[in-house]
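The structure file input-v3.cif is reproduced below (mmCIF, C-alpha atoms and all ligand atoms; chains and numbers go by the auth columns).
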data_start
#
loop_
_atom_site.group_PDB
_atom_site.id
_atom_site.type_symbol
_atom_site.label_atom_id
_atom_site.label_comp_id
_atom_site.label_asym_id
_atom_site.label_seq_id
_atom_site.Cartn_x
_atom_site.Cartn_y
_atom_site.Cartn_z
_atom_site.B_iso_or_equiv
_atom_site.auth_seq_id
_atom_site.auth_asym_id
ATOM 1 C CA MET A 1 98.751 33.033 77.896 0.00 1 U
ATOM 2 C CA VAL A 2 101.262 30.236 77.396 0.00 2 U
ATOM 3 C CA VAL A 3 102.787 30.149 73.937 0.00 3 U
ATOM 4 C CA LEU A 4 103.760 26.981 72.012 0.00 4 U
ATOM 5 C CA GLY A 5 107.376 26.078 72.682 0.00 5 U
ATOM 6 C CA GLU A 6 107.571 27.911 76.031 0.00 6 U
ATOM 7 C CA VAL A 7 108.127 26.085 79.302 0.00 7 U
ATOM 8 C CA PHE A 8 104.698 25.587 80.837 0.00 8 U
ATOM 9 C CA PRO A 9 104.626 27.573 84.121 0.00 9 U
ATOM 10 C CA ASN A 10 105.111 25.611 87.308 0.00 10 U
ATOM 11 C CA PHE A 11 102.374 25.723 89.954 0.00 11 U
ATOM 12 C CA GLU A 12 101.471 24.042 93.201 0.00 12 U
ATOM 13 C CA ALA A 13 97.913 23.102 94.123 0.00 13 U
ATOM 14 C CA ASP A 14 95.758 20.621 96.012 0.00 14 U
ATOM 15 C CA SER A 15 94.364 17.713 94.050 0.00 15 U
ATOM 16 C CA THR A 16 92.394 14.527 94.543 0.00 16 U
ATOM 17 C CA GLU A 17 95.800 12.807 94.846 0.00 17 U
ATOM 18 C CA GLY A 18 97.202 15.281 97.405 0.00 18 U
ATOM 19 C CA ARG A 19 99.388 18.354 97.053 0.00 19 U
ATOM 20 C CA LEU A 20 100.734 18.517 93.519 0.00 20 U
ATOM 21 C CA LYS A 21 103.885 20.380 92.423 0.00 21 U
ATOM 22 C CA PHE A 22 103.286 20.431 88.695 0.00 22 U
ATOM 23 C CA HIS A 23 106.809 20.211 87.231 0.00 23 U
ATOM 24 C CA ASP A 24 107.833 17.514 89.738 0.00 24 U
ATOM 25 C CA TRP A 25 104.632 15.618 89.041 0.00 25 U
ATOM 26 C CA VAL A 26 105.193 15.675 85.244 0.00 26 U
ATOM 27 C CA GLY A 27 108.621 14.212 86.023 0.00 27 U
ATOM 28 C CA GLY A 28 109.866 13.741 82.449 0.00 28 U
ATOM 29 C CA SER A 29 106.631 12.260 81.045 0.00 29 U
ATOM 30 C CA TRP A 30 104.370 13.805 78.462 0.00 30 U
ATOM 31 C CA CYS A 31 101.359 15.439 80.084 0.00 31 U
ATOM 32 C CA ILE A 32 97.827 16.218 78.950 0.00 32 U
ATOM 33 C CA LEU A 33 96.604 18.946 81.291 0.00 33 U
ATOM 34 C CA MET A 34 92.904 19.625 80.847 0.00 34 U
ATOM 35 C CA ALA A 35 90.650 22.202 82.427 0.00 35 U
ATOM 36 C CA HIS A 36 86.878 22.292 82.518 0.00 36 U
ATOM 37 C CA PRO A 37 84.262 24.719 83.823 0.00 37 U
ATOM 38 C CA SER A 38 82.874 23.083 86.930 0.00 38 U
ATOM 39 C CA ASP A 39 82.185 19.891 88.862 0.00 39 U
ATOM 40 C CA PHE A 40 78.674 18.381 88.689 0.00 40 U
ATOM 41 C CA THR A 41 77.928 19.743 85.209 0.00 41 U
ATOM 42 C CA PRO A 42 76.660 17.516 82.397 0.00 42 U
ATOM 43 C CA VAL A 43 79.147 18.151 79.587 0.00 43 U
ATOM 44 C CA CYS A 44 82.152 17.952 81.931 0.00 44 U
ATOM 45 C CA THR A 45 80.843 14.643 83.309 0.00 45 U
ATOM 46 C CA THR A 46 80.895 13.152 79.792 0.00 46 U
ATOM 47 C CA GLU A 47 84.358 14.597 79.058 0.00 47 U
ATOM 48 C CA MET A 48 85.878 13.244 82.265 0.00 48 U
ATOM 49 C CA GLY A 49 84.433 9.821 81.462 0.00 49 U
ATOM 50 C CA ALA A 50 86.070 9.870 78.011 0.00 50 U
ATOM 51 C CA ALA A 51 89.378 11.070 79.492 0.00 51 U
ATOM 52 C CA ALA A 52 89.309 8.369 82.192 0.00 52 U
ATOM 53 C CA LYS A 53 88.792 5.674 79.527 0.00 53 U
ATOM 54 C CA LEU A 54 91.862 6.903 77.608 0.00 54 U
ATOM 55 C CA ALA A 55 94.154 7.464 80.596 0.00 55 U
ATOM 56 C CA PRO A 56 95.455 3.931 81.384 0.00 56 U
ATOM 57 C CA ALA A 57 96.596 3.215 77.795 0.00 57 U
ATOM 58 C CA LEU A 58 98.227 6.646 77.511 0.00 58 U
ATOM 59 C CA LEU A 59 100.007 6.200 80.837 0.00 59 U
ATOM 60 C CA ARG A 60 101.540 2.966 79.521 0.00 60 U
ATOM 61 C CA ARG A 61 102.926 5.086 76.639 0.00 61 U
ATOM 62 C CA GLY A 62 104.468 7.639 79.025 0.00 62 U
ATOM 63 C CA VAL A 63 101.630 10.181 78.920 0.00 63 U
ATOM 64 C CA LYS A 64 100.135 11.418 82.213 0.00 64 U
ATOM 65 C CA MET A 65 96.808 13.210 82.477 0.00 65 U
ATOM 66 C CA ALA A 66 95.537 15.751 85.003 0.00 66 U
ATOM 67 C CA CYS A 67 92.528 18.007 85.123 0.00 67 U
ATOM 68 C CA ILE A 68 91.944 21.453 86.666 0.00 68 U
ATOM 69 C CA SER A 69 88.558 22.534 87.985 0.00 69 U
ATOM 70 C CA CYS A 70 87.606 25.572 90.033 0.00 70 U
ATOM 71 C CA ASP A 71 85.909 23.564 92.795 0.00 71 U
ATOM 72 C CA PRO A 72 87.421 22.242 96.050 0.00 72 U
ATOM 73 C CA VAL A 73 89.009 18.793 96.333 0.00 73 U
ATOM 74 C CA GLU A 74 86.116 17.379 98.421 0.00 74 U
ATOM 75 C CA SER A 75 83.726 18.357 95.624 0.00 75 U
ATOM 76 C CA HIS A 76 85.998 16.707 93.018 0.00 76 U
ATOM 77 C CA LYS A 77 86.067 13.510 95.085 0.00 77 U
ATOM 78 C CA ALA A 78 82.265 13.360 95.316 0.00 78 U
ATOM 79 C CA TRP A 79 81.901 14.190 91.620 0.00 79 U
ATOM 80 C CA ILE A 80 84.306 11.369 90.634 0.00 80 U
ATOM 81 C CA GLU A 81 81.684 8.897 91.916 0.00 81 U
ATOM 82 C CA ASP A 82 79.120 10.407 89.522 0.00 82 U
ATOM 83 C CA ILE A 83 81.628 10.340 86.641 0.00 83 U
ATOM 84 C CA LYS A 84 82.305 6.660 87.259 0.00 84 U
ATOM 85 C CA ALA A 85 78.624 5.769 87.542 0.00 85 U
ATOM 86 C CA TYR A 86 77.420 7.773 84.525 0.00 86 U
ATOM 87 C CA ASN A 87 80.218 6.554 82.239 0.00 87 U
ATOM 88 C CA GLY A 88 80.191 2.918 83.412 0.00 88 U
ATOM 89 C CA LEU A 89 83.783 3.097 84.686 0.00 89 U
ATOM 90 C CA GLY A 90 83.320 0.543 87.479 0.00 90 U
ATOM 91 C CA SER A 91 84.777 0.849 90.955 0.00 91 U
ATOM 92 C CA ASN A 92 88.494 1.195 90.097 0.00 92 U
ATOM 93 C CA ALA A 93 90.403 4.229 91.364 0.00 93 U
ATOM 94 C CA PHE A 94 89.968 7.278 89.128 0.00 94 U
ATOM 95 C CA PRO A 95 93.034 7.249 86.843 0.00 95 U
ATOM 96 C CA PHE A 96 94.267 10.844 87.144 0.00 96 U
ATOM 97 C CA PRO A 97 94.244 13.725 89.631 0.00 97 U
ATOM 98 C CA ILE A 98 91.692 16.517 89.506 0.00 98 U
ATOM 99 C CA ILE A 99 93.368 19.732 90.646 0.00 99 U
ATOM 100 C CA SER A 100 91.504 22.321 92.686 0.00 100 U
ATOM 101 C CA ASP A 101 91.618 25.952 91.521 0.00 101 U
ATOM 102 C CA GLU A 102 89.144 27.482 93.950 0.00 102 U
ATOM 103 C CA THR A 103 90.660 30.972 93.679 0.00 103 U
ATOM 104 C CA ARG A 104 90.727 30.720 89.846 0.00 104 U
ATOM 105 C CA GLN A 105 94.360 31.715 89.974 0.00 105 U
ATOM 106 C CA LEU A 106 95.296 29.037 87.418 0.00 106 U
ATOM 107 C CA ALA A 107 92.297 29.819 85.216 0.00 107 U
ATOM 108 C CA LYS A 108 93.480 33.452 85.059 0.00 108 U
ATOM 109 C CA LYS A 109 97.147 32.557 84.624 0.00 109 U
ATOM 110 C CA PHE A 110 96.393 30.280 81.663 0.00 110 U
ATOM 111 C CA SER A 111 93.788 32.633 80.048 0.00 111 U
ATOM 112 C CA MET A 112 90.908 30.210 80.481 0.00 112 U
ATOM 113 C CA ILE A 113 88.136 32.682 81.276 0.00 113 U
ATOM 114 C CA ASP A 114 85.710 34.089 78.723 0.00 114 U
ATOM 115 C CA PRO A 115 83.640 36.797 80.454 0.00 115 U
ATOM 116 C CA ASN A 116 80.656 36.030 78.199 0.00 116 U
ATOM 117 C CA GLU A 117 80.408 32.362 79.122 0.00 117 U
ATOM 118 C CA PRO A 118 77.455 30.967 81.117 0.00 118 U
ATOM 119 C CA ARG A 119 77.804 31.949 84.753 0.00 119 U
ATOM 120 C CA PHE A 120 78.094 29.868 87.905 0.00 120 U
ATOM 121 C CA ASP A 121 77.623 31.692 91.222 0.00 121 U
ATOM 122 C CA ASN A 122 77.770 34.974 89.321 0.00 122 U
ATOM 123 C CA LYS A 123 81.211 34.158 87.882 0.00 123 U
ATOM 124 C CA PRO A 124 81.806 33.240 84.221 0.00 124 U
ATOM 125 C CA ALA A 125 82.460 29.542 83.646 0.00 125 U
ATOM 126 C CA THR A 126 86.078 28.754 82.869 0.00 126 U
ATOM 127 C CA ALA A 127 86.844 27.475 79.388 0.00 127 U
ATOM 128 C CA ARG A 128 87.693 23.917 78.350 0.00 128 U
ATOM 129 C CA ALA A 129 91.439 24.021 77.845 0.00 129 U
ATOM 130 C CA VAL A 130 93.775 21.247 76.761 0.00 130 U
ATOM 131 C CA PHE A 131 97.525 21.725 77.090 0.00 131 U
ATOM 132 C CA ILE A 132 99.866 18.998 75.903 0.00 132 U
ATOM 133 C CA ILE A 133 103.249 19.413 77.532 0.00 133 U
ATOM 134 C CA GLY A 134 106.387 17.573 76.433 0.00 134 U
ATOM 135 C CA PRO A 135 108.873 15.739 78.670 0.00 135 U
ATOM 136 C CA ASP A 136 110.988 18.937 78.531 0.00 136 U
ATOM 137 C CA LEU A 137 107.986 20.804 80.060 0.00 137 U
ATOM 138 C CA ARG A 138 107.490 22.865 76.903 0.00 138 U
ATOM 139 C CA LEU A 139 103.971 23.474 75.593 0.00 139 U
ATOM 140 C CA ARG A 140 103.435 21.378 72.454 0.00 140 U
ATOM 141 C CA LEU A 141 99.716 21.864 71.803 0.00 141 U
ATOM 142 C CA SER A 142 96.925 24.009 73.142 0.00 142 U
ATOM 143 C CA MET A 143 93.174 23.888 72.529 0.00 143 U
ATOM 144 C CA LEU A 144 90.586 26.206 73.995 0.00 144 U
ATOM 145 C CA TYR A 145 86.886 25.399 73.724 0.00 145 U
ATOM 146 C CA PRO A 146 84.000 27.361 75.218 0.00 146 U
ATOM 147 C CA GLY A 147 82.085 25.990 78.190 0.00 147 U
ATOM 148 C CA THR A 148 79.085 25.245 76.002 0.00 148 U
ATOM 149 C CA THR A 149 80.851 22.740 73.727 0.00 149 U
ATOM 150 C CA GLY A 150 82.344 19.415 74.784 0.00 150 U
ATOM 151 C CA ARG A 151 85.701 18.355 73.379 0.00 151 U
ATOM 152 C CA ASN A 152 86.347 15.303 71.200 0.00 152 U
ATOM 153 C CA PHE A 153 88.680 13.026 73.157 0.00 153 U
ATOM 154 C CA ALA A 154 89.278 10.837 70.094 0.00 154 U
ATOM 155 C CA GLU A 155 90.881 13.950 68.562 0.00 155 U
ATOM 156 C CA ILE A 156 92.945 14.553 71.690 0.00 156 U
ATOM 157 C CA GLN A 157 94.165 10.940 71.488 0.00 157 U
ATOM 158 C CA ARG A 158 94.887 11.374 67.749 0.00 158 U
ATOM 159 C CA VAL A 159 96.991 14.509 68.218 0.00 159 U
ATOM 160 C CA MET A 160 98.827 12.865 71.135 0.00 160 U
ATOM 161 C CA GLU A 161 99.746 9.938 68.849 0.00 161 U
ATOM 162 C CA SER A 162 100.954 12.421 66.227 0.00 162 U
ATOM 163 C CA LEU A 163 103.057 14.308 68.788 0.00 163 U
ATOM 164 C CA LEU A 164 104.645 11.045 69.962 0.00 164 U
ATOM 165 C CA VAL A 165 105.669 9.920 66.460 0.00 165 U
ATOM 166 C CA THR A 166 106.720 13.359 65.188 0.00 166 U
ATOM 167 C CA ALA A 167 108.847 13.988 68.296 0.00 167 U
ATOM 168 C CA LYS A 168 110.838 10.827 67.574 0.00 168 U
ATOM 169 C CA HIS A 169 111.053 10.743 63.769 0.00 169 U
ATOM 170 C CA LYS A 170 111.414 13.325 60.994 0.00 170 U
ATOM 171 C CA VAL A 171 107.796 12.975 59.868 0.00 171 U
ATOM 172 C CA VAL A 172 104.626 15.061 59.933 0.00 172 U
ATOM 173 C CA THR A 173 101.074 13.717 59.899 0.00 173 U
ATOM 174 C CA PRO A 174 98.321 14.788 57.495 0.00 174 U
ATOM 175 C CA GLU A 175 94.745 15.877 58.067 0.00 175 U
ATOM 176 C CA GLN A 176 92.685 13.090 59.709 0.00 176 U
ATOM 177 C CA TRP A 177 95.809 10.934 60.127 0.00 177 U
ATOM 178 C CA GLN A 178 95.301 7.950 62.407 0.00 178 U
ATOM 179 C CA VAL A 179 97.921 5.906 64.202 0.00 179 U
ATOM 180 C CA GLY A 180 99.358 3.222 61.875 0.00 180 U
ATOM 181 C CA GLU A 181 98.772 5.227 58.692 0.00 181 U
ATOM 182 C CA LYS A 182 101.439 6.633 56.374 0.00 182 U
ATOM 183 C CA CYS A 183 103.203 9.840 57.386 0.00 183 U
ATOM 184 C CA PHE A 184 104.848 12.555 55.315 0.00 184 U
ATOM 185 C CA VAL A 185 108.601 12.959 55.401 0.00 185 U
ATOM 186 C CA VAL A 186 109.469 16.467 56.667 0.00 186 U
ATOM 187 C CA PRO A 187 110.086 18.764 53.673 0.00 187 U
ATOM 188 C CA PHE A 188 113.572 19.848 54.787 0.00 188 U
ATOM 189 C CA LEU A 189 115.183 16.366 54.411 0.00 189 U
ATOM 190 C CA SER A 190 117.068 15.790 51.144 0.00 190 U
ATOM 191 C CA ALA A 191 116.154 12.731 49.049 0.00 191 U
ATOM 192 C CA THR A 192 119.312 10.953 50.242 0.00 192 U
ATOM 193 C CA GLU A 193 118.622 11.754 53.895 0.00 193 U
ATOM 194 C CA ALA A 194 115.000 10.647 53.527 0.00 194 U
ATOM 195 C CA ASN A 195 115.970 7.298 51.995 0.00 195 U
ATOM 196 C CA GLN A 196 118.497 6.726 54.792 0.00 196 U
ATOM 197 C CA ALA A 197 116.085 7.741 57.558 0.00 197 U
ATOM 198 C CA PHE A 198 113.187 5.635 56.280 0.00 198 U
ATOM 199 C CA PRO A 199 114.376 2.190 55.125 0.00 199 U
ATOM 200 C CA ALA A 200 110.723 1.049 54.860 0.00 200 U
ATOM 201 C CA GLY A 201 110.532 3.220 51.730 0.00 201 U
ATOM 202 C CA VAL A 202 109.694 6.743 50.631 0.00 202 U
ATOM 203 C CA HIS A 203 107.098 7.270 47.929 0.00 203 U
ATOM 204 C CA VAL A 204 107.270 10.567 46.065 0.00 204 U
ATOM 205 C CA HIS A 205 103.822 11.636 44.807 0.00 205 U
ATOM 206 C CA SER A 206 103.976 13.438 41.498 0.00 206 U
ATOM 207 C CA VAL A 207 102.104 16.740 41.240 0.00 207 U
ATOM 208 C CA PRO A 208 101.730 19.340 38.440 0.00 208 U
ATOM 209 C CA SER A 209 104.351 21.656 39.957 0.00 209 U
ATOM 210 C CA GLY A 210 106.954 18.902 39.617 0.00 210 U
ATOM 211 C CA LYS A 211 108.050 19.679 43.183 0.00 211 U
ATOM 212 C CA GLU A 212 108.888 16.618 45.270 0.00 212 U
ATOM 213 C CA TYR A 213 107.448 17.644 48.613 0.00 213 U
ATOM 214 C CA LEU A 214 104.695 15.049 48.971 0.00 214 U
ATOM 215 C CA ARG A 215 106.765 12.098 50.196 0.00 215 U
ATOM 216 C CA THR A 216 105.041 9.372 52.203 0.00 216 U
ATOM 217 C CA THR A 217 106.559 6.631 54.305 0.00 217 U
ATOM 218 C CA PRO A 218 104.975 3.931 56.507 0.00 218 U
ATOM 219 C CA MET A 219 104.555 5.157 60.065 0.00 219 U
ATOM 220 C CA PRO A 220 107.948 4.610 61.747 0.00 220 U
ATOM 221 C CA LYS A 221 107.934 2.165 64.671 0.00 221 U
HETATM 222 C C1 LIG B . 78.685 21.648 81.407 0.00 301 U
HETATM 223 O O1 LIG B . 77.684 20.956 81.275 0.00 301 U
HETATM 224 O O2 LIG B . 79.792 21.118 81.540 0.00 301 U
HETATM 225 C C2 LIG B . 78.558 23.136 81.385 0.00 301 U
HETATM 226 C C3 LIG B . 77.319 23.702 81.195 0.00 301 U
HETATM 227 C C4 LIG B . 77.195 25.070 81.165 0.00 301 U
HETATM 228 C C5 LIG B . 78.280 25.887 81.311 0.00 301 U
HETATM 229 C C6 LIG B . 79.523 25.320 81.487 0.00 301 U
HETATM 230 C C7 LIG B . 79.651 23.939 81.547 0.00 301 U
#

Will you turn the file into structure tokens for me?
Ligand code: BEZ
Amino acid sequence: MVVLGEVFPNFEADSTEGRLKFHDWVGGSWCILMAHPSDFTPVCTTEMGAAAKLAPALLRRGVKMACISCDPVESHKAWIEDIKAYNGLGSNAFPFPIISDETRQLAKKFSMIDPNEPRFDNKPATARAVFIIGPDLRLRLSMLYPGTTGRNFAEIQRVMESLLVTAKHKVVTPEQWQVGEKCFVVPFLSATEANQAFPAGVHVHSVPSGKEYLRTTPMPK
């Protein structure tokens, strides 16, 4: 189990883009590393389509994507054609590597197996994991969904946007925050520091306690 803030373990594996040495491949970018149960399965086909639609814009922002699946590379390559066709992705190259974990070594290492999940070939399906890893290779976010339930890639995009802005500025983002909306100033900045850090303005919301912790500012650029 990888814990938030720890360096995400390095690994080496085959992928649809050749042999991949994970830390070298991340190479100082942000990385969204996803895992899904199996190639040629319906829910995964929809998820990979959603991820492929997001990938080019995220890459332009310095965020790479990769996916792990327990099938061999040749299977991934054939499945990519189905993903493209089903999700109307056209004939462009698939925008991120799909890593092969045939021995399930990575699935075990990253605690992605629930023994009660639906079974493929008499083995439990691996879970749907999302790890967001910072440019310093430390784990910044982790999500684990069961095989039965597809992820919401709009939410993955939303949390990625939050991680990008909160890594750069002393802000935090509220429930349902969307890119472009106001952020909260982190509670540990004094009023003077907050006014200096956010020249676009800091609005203090008054609450019955009289405590001045609800301070909003336009999303910093
Ligand atoms: C899927 O459609 O992706 C799926 C279905 C059953 C178990 C695991 C995955």

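Atom CA of Arg215 of chain U sits 17.1 Å away from atom CA of Ser162 of chain U.
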
Pick from U:Gly134, U:His76, U:Gly147, U:Phe94, whichever lies nearest to Asn116 of chain U using all atoms listed in the file: U:Gly147

Run the PyMOL selection byres (((not hetatm)) within 9 of (chain U and resi 301)) against the file shown and list the residues it catches, as a PyMOL selection string. chain U and resi 36-47+117-120+124-128+146-150

Grab the residues selected above and save them as a JSON list (two decimals), in the frame of the given file with C-alpha atoms.
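Dumped to result_30.json:
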[["chain", "number", "residue", "atom", "x", "y", "z"],
["U", 36, "HIS", "CA", 86.88, 22.29, 82.52],
["U", 37, "PRO", "CA", 84.26, 24.72, 83.82],
["U", 38, "SER", "CA", 82.87, 23.08, 86.93],
["U", 39, "ASP", "CA", 82.18, 19.89, 88.86],
["U", 40, "PHE", "CA", 78.67, 18.38, 88.69],
["U", 41, "THR", "CA", 77.93, 19.74, 85.21],
["U", 42, "PRO", "CA", 76.66, 17.52, 82.40],
["U", 43, "VAL", "CA", 79.15, 18.15, 79.59],
["U", 44, "CYS", "CA", 82.15, 17.95, 81.93],
["U", 45, "THR", "CA", 80.84, 14.64, 83.31],
["U", 46, "THR", "CA", 80.90, 13.15, 79.79],
["U", 47, "GLU", "CA", 84.36, 14.60, 79.06],
["U", 117, "GLU", "CA", 80.41, 32.36, 79.12],
["U", 118, "PRO", "CA", 77.46, 30.97, 81.12],
["U", 119, "ARG", "CA", 77.80, 31.95, 84.75],
["U", 120, "PHE", "CA", 78.09, 29.87, 87.90],
["U", 124, "PRO", "CA", 81.81, 33.24, 84.22],
["U", 125, "ALA", "CA", 82.46, 29.54, 83.65],
["U", 126, "THR", "CA", 86.08, 28.75, 82.87],
["U", 127, "ALA", "CA", 86.84, 27.48, 79.39],
["U", 128, "ARG", "CA", 87.69, 23.92, 78.35],
["U", 146, "PRO", "CA", 84.00, 27.36, 75.22],
["U", 147, "GLY", "CA", 82.08, 25.99, 78.19],
["U", 148, "THR", "CA", 79.08, 25.24, 76.00],
["U", 149, "THR", "CA", 80.85, 22.74, 73.73],
["U", 150, "GLY", "CA", 82.34, 19.42, 74.78]]

The PyMOL selection byres (((chain U and resi 173-188) around 6) and not hetatm) applied to the shown file, residues as an NGL selection string: :U and (170-172 or 189 or 213 or 215-219)

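Proximity of U:Lys53, U:Arg104, U:Lys221, U:Lys77 to Val165 of chain U, computed with all atoms listed in the file, is greatest for U:Lys221.
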
Around (91.5, 17.0, 94.0) in the file's frame, which residues reach within 6 Å when counting all atoms listed in the file? Return as number ranges by chain? U: 14-16, 73, 76, 98-100

Keeping C-alpha atoms for every residue in the selection just given, could you write it to a file as a compact mmCIF listing (two decimals), in the coordinates of the input?
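Everything below was put into result.txt:
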# COMPACT_ATOMS: atom_id res chain seq x y z
CA ASP U 14 95.76 20.62 96.01
CA SER U 15 94.36 17.71 94.05
CA THR U 16 92.39 14.53 94.54
CA VAL U 73 89.01 18.79 96.33
CA HIS U 76 86.00 16.71 93.02
CA ILE U 98 91.69 16.52 89.51
CA ILE U 99 93.37 19.73 90.65
CA SER U 100 91.50 22.32 92.69

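Put simply, atom CA of Leu139 of chain U is 15.9 Å away from atom CA of Cys67 of chain U.
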
As a PDB file, in the frame of the given file, could you write out segment 48-63 of chain U once it has been completed with N, CA, C and O atoms?
ATOM      1  N   MET U  48      85.005  13.926  81.305  1.00  0.00           N
ATOM      2  CA  MET U  48      85.878  13.244  82.265  1.00  0.00           C
ATOM      3  C   MET U  48      85.770  11.728  82.109  1.00  0.00           C
ATOM      4  O   MET U  48      86.752  11.012  82.299  1.00  0.00           O
ATOM      5  N   GLY U  49      84.584  11.256  81.718  1.00  0.00           N
ATOM      6  CA  GLY U  49      84.433   9.821  81.462  1.00  0.00           C
ATOM      7  C   GLY U  49      85.299   9.401  80.281  1.00  0.00           C
ATOM      8  O   GLY U  49      86.026   8.401  80.334  1.00  0.00           O
ATOM      9  N   ALA U  50      85.262  10.198  79.206  1.00  0.00           N
ATOM     10  CA  ALA U  50      86.070   9.870  78.011  1.00  0.00           C
ATOM     11  C   ALA U  50      87.558   9.926  78.361  1.00  0.00           C
ATOM     12  O   ALA U  50      88.340   9.059  77.946  1.00  0.00           O
ATOM     13  N   ALA U  51      87.955  10.927  79.124  1.00  0.00           N
ATOM     14  CA  ALA U  51      89.378  11.070  79.492  1.00  0.00           C
ATOM     15  C   ALA U  51      89.818   9.883  80.358  1.00  0.00           C
ATOM     16  O   ALA U  51      90.910   9.334  80.170  1.00  0.00           O
ATOM     17  N   ALA U  52      88.959   9.479  81.293  1.00  0.00           N
ATOM     18  CA  ALA U  52      89.309   8.369  82.192  1.00  0.00           C
ATOM     19  C   ALA U  52      89.464   7.060  81.414  1.00  0.00           C
ATOM     20  O   ALA U  52      90.294   6.223  81.760  1.00  0.00           O
ATOM     21  N   LYS U  53      88.676   6.902  80.336  1.00  0.00           N
ATOM     22  CA  LYS U  53      88.792   5.674  79.527  1.00  0.00           C
ATOM     23  C   LYS U  53      90.123   5.657  78.760  1.00  0.00           C
ATOM     24  O   LYS U  53      90.699   4.606  78.546  1.00  0.00           O
ATOM     25  N   LEU U  54      90.595   6.828  78.364  1.00  0.00           N
ATOM     26  CA  LEU U  54      91.862   6.903  77.608  1.00  0.00           C
ATOM     27  C   LEU U  54      93.094   6.776  78.496  1.00  0.00           C
ATOM     28  O   LEU U  54      94.151   6.330  78.051  1.00  0.00           O
ATOM     29  N   ALA U  55      92.972   7.224  79.747  1.00  0.00           N
ATOM     30  CA  ALA U  55      94.154   7.464  80.596  1.00  0.00           C
ATOM     31  C   ALA U  55      95.061   6.238  80.794  1.00  0.00           C
ATOM     32  O   ALA U  55      96.286   6.368  80.655  1.00  0.00           O
ATOM     33  N   PRO U  56      94.527   5.033  81.097  1.00  0.00           N
ATOM     34  CA  PRO U  56      95.455   3.931  81.384  1.00  0.00           C
ATOM     35  C   PRO U  56      96.356   3.588  80.192  1.00  0.00           C
ATOM     36  O   PRO U  56      97.559   3.388  80.356  1.00  0.00           O
ATOM     37  N   ALA U  57      95.782   3.557  78.975  1.00  0.00           N
ATOM     38  CA  ALA U  57      96.596   3.215  77.795  1.00  0.00           C
ATOM     39  C   ALA U  57      97.637   4.302  77.534  1.00  0.00           C
ATOM     40  O   ALA U  57      98.783   4.009  77.180  1.00  0.00           O
ATOM     41  N   LEU U  58      97.259   5.569  77.734  1.00  0.00           N
ATOM     42  CA  LEU U  58      98.227   6.646  77.511  1.00  0.00           C
ATOM     43  C   LEU U  58      99.347   6.593  78.548  1.00  0.00           C
ATOM     44  O   LEU U  58     100.514   6.815  78.224  1.00  0.00           O
ATOM     45  N   LEU U  59      98.988   6.282  79.776  1.00  0.00           N
ATOM     46  CA  LEU U  59     100.007   6.200  80.837  1.00  0.00           C
ATOM     47  C   LEU U  59     101.057   5.139  80.489  1.00  0.00           C
ATOM     48  O   LEU U  59     102.251   5.348  80.688  1.00  0.00           O
ATOM     49  N   ARG U  60     100.592   4.023  79.921  1.00  0.00           N
ATOM     50  CA  ARG U  60     101.540   2.966  79.521  1.00  0.00           C
ATOM     51  C   ARG U  60     102.490   3.460  78.426  1.00  0.00           C
ATOM     52  O   ARG U  60     103.568   2.932  78.249  1.00  0.00           O
ATOM     53  N   ARG U  61     102.082   4.507  77.696  1.00  0.00           N
ATOM     54  CA  ARG U  61     102.926   5.086  76.639  1.00  0.00           C
ATOM     55  C   ARG U  61     103.727   6.277  77.149  1.00  0.00           C
ATOM     56  O   ARG U  61     104.309   7.027  76.362  1.00  0.00           O
ATOM     57  N   GLY U  62     103.684   6.527  78.464  1.00  0.00           N
ATOM     58  CA  GLY U  62     104.468   7.639  79.025  1.00  0.00           C
ATOM     59  C   GLY U  62     103.752   8.973  78.980  1.00  0.00           C
ATOM     60  O   GLY U  62     104.393  10.024  78.979  1.00  0.00           O
ATOM     61  N   VAL U  63     102.407   8.933  78.952  1.00  0.00           N
ATOM     62  CA  VAL U  63     101.630  10.181  78.920  1.00  0.00           C
ATOM     63  C   VAL U  63     100.736  10.234  80.158  1.00  0.00           C
ATOM     64  O   VAL U  63      99.856   9.385  80.335  1.00  0.00           O
TER      65      VAL U  63
END
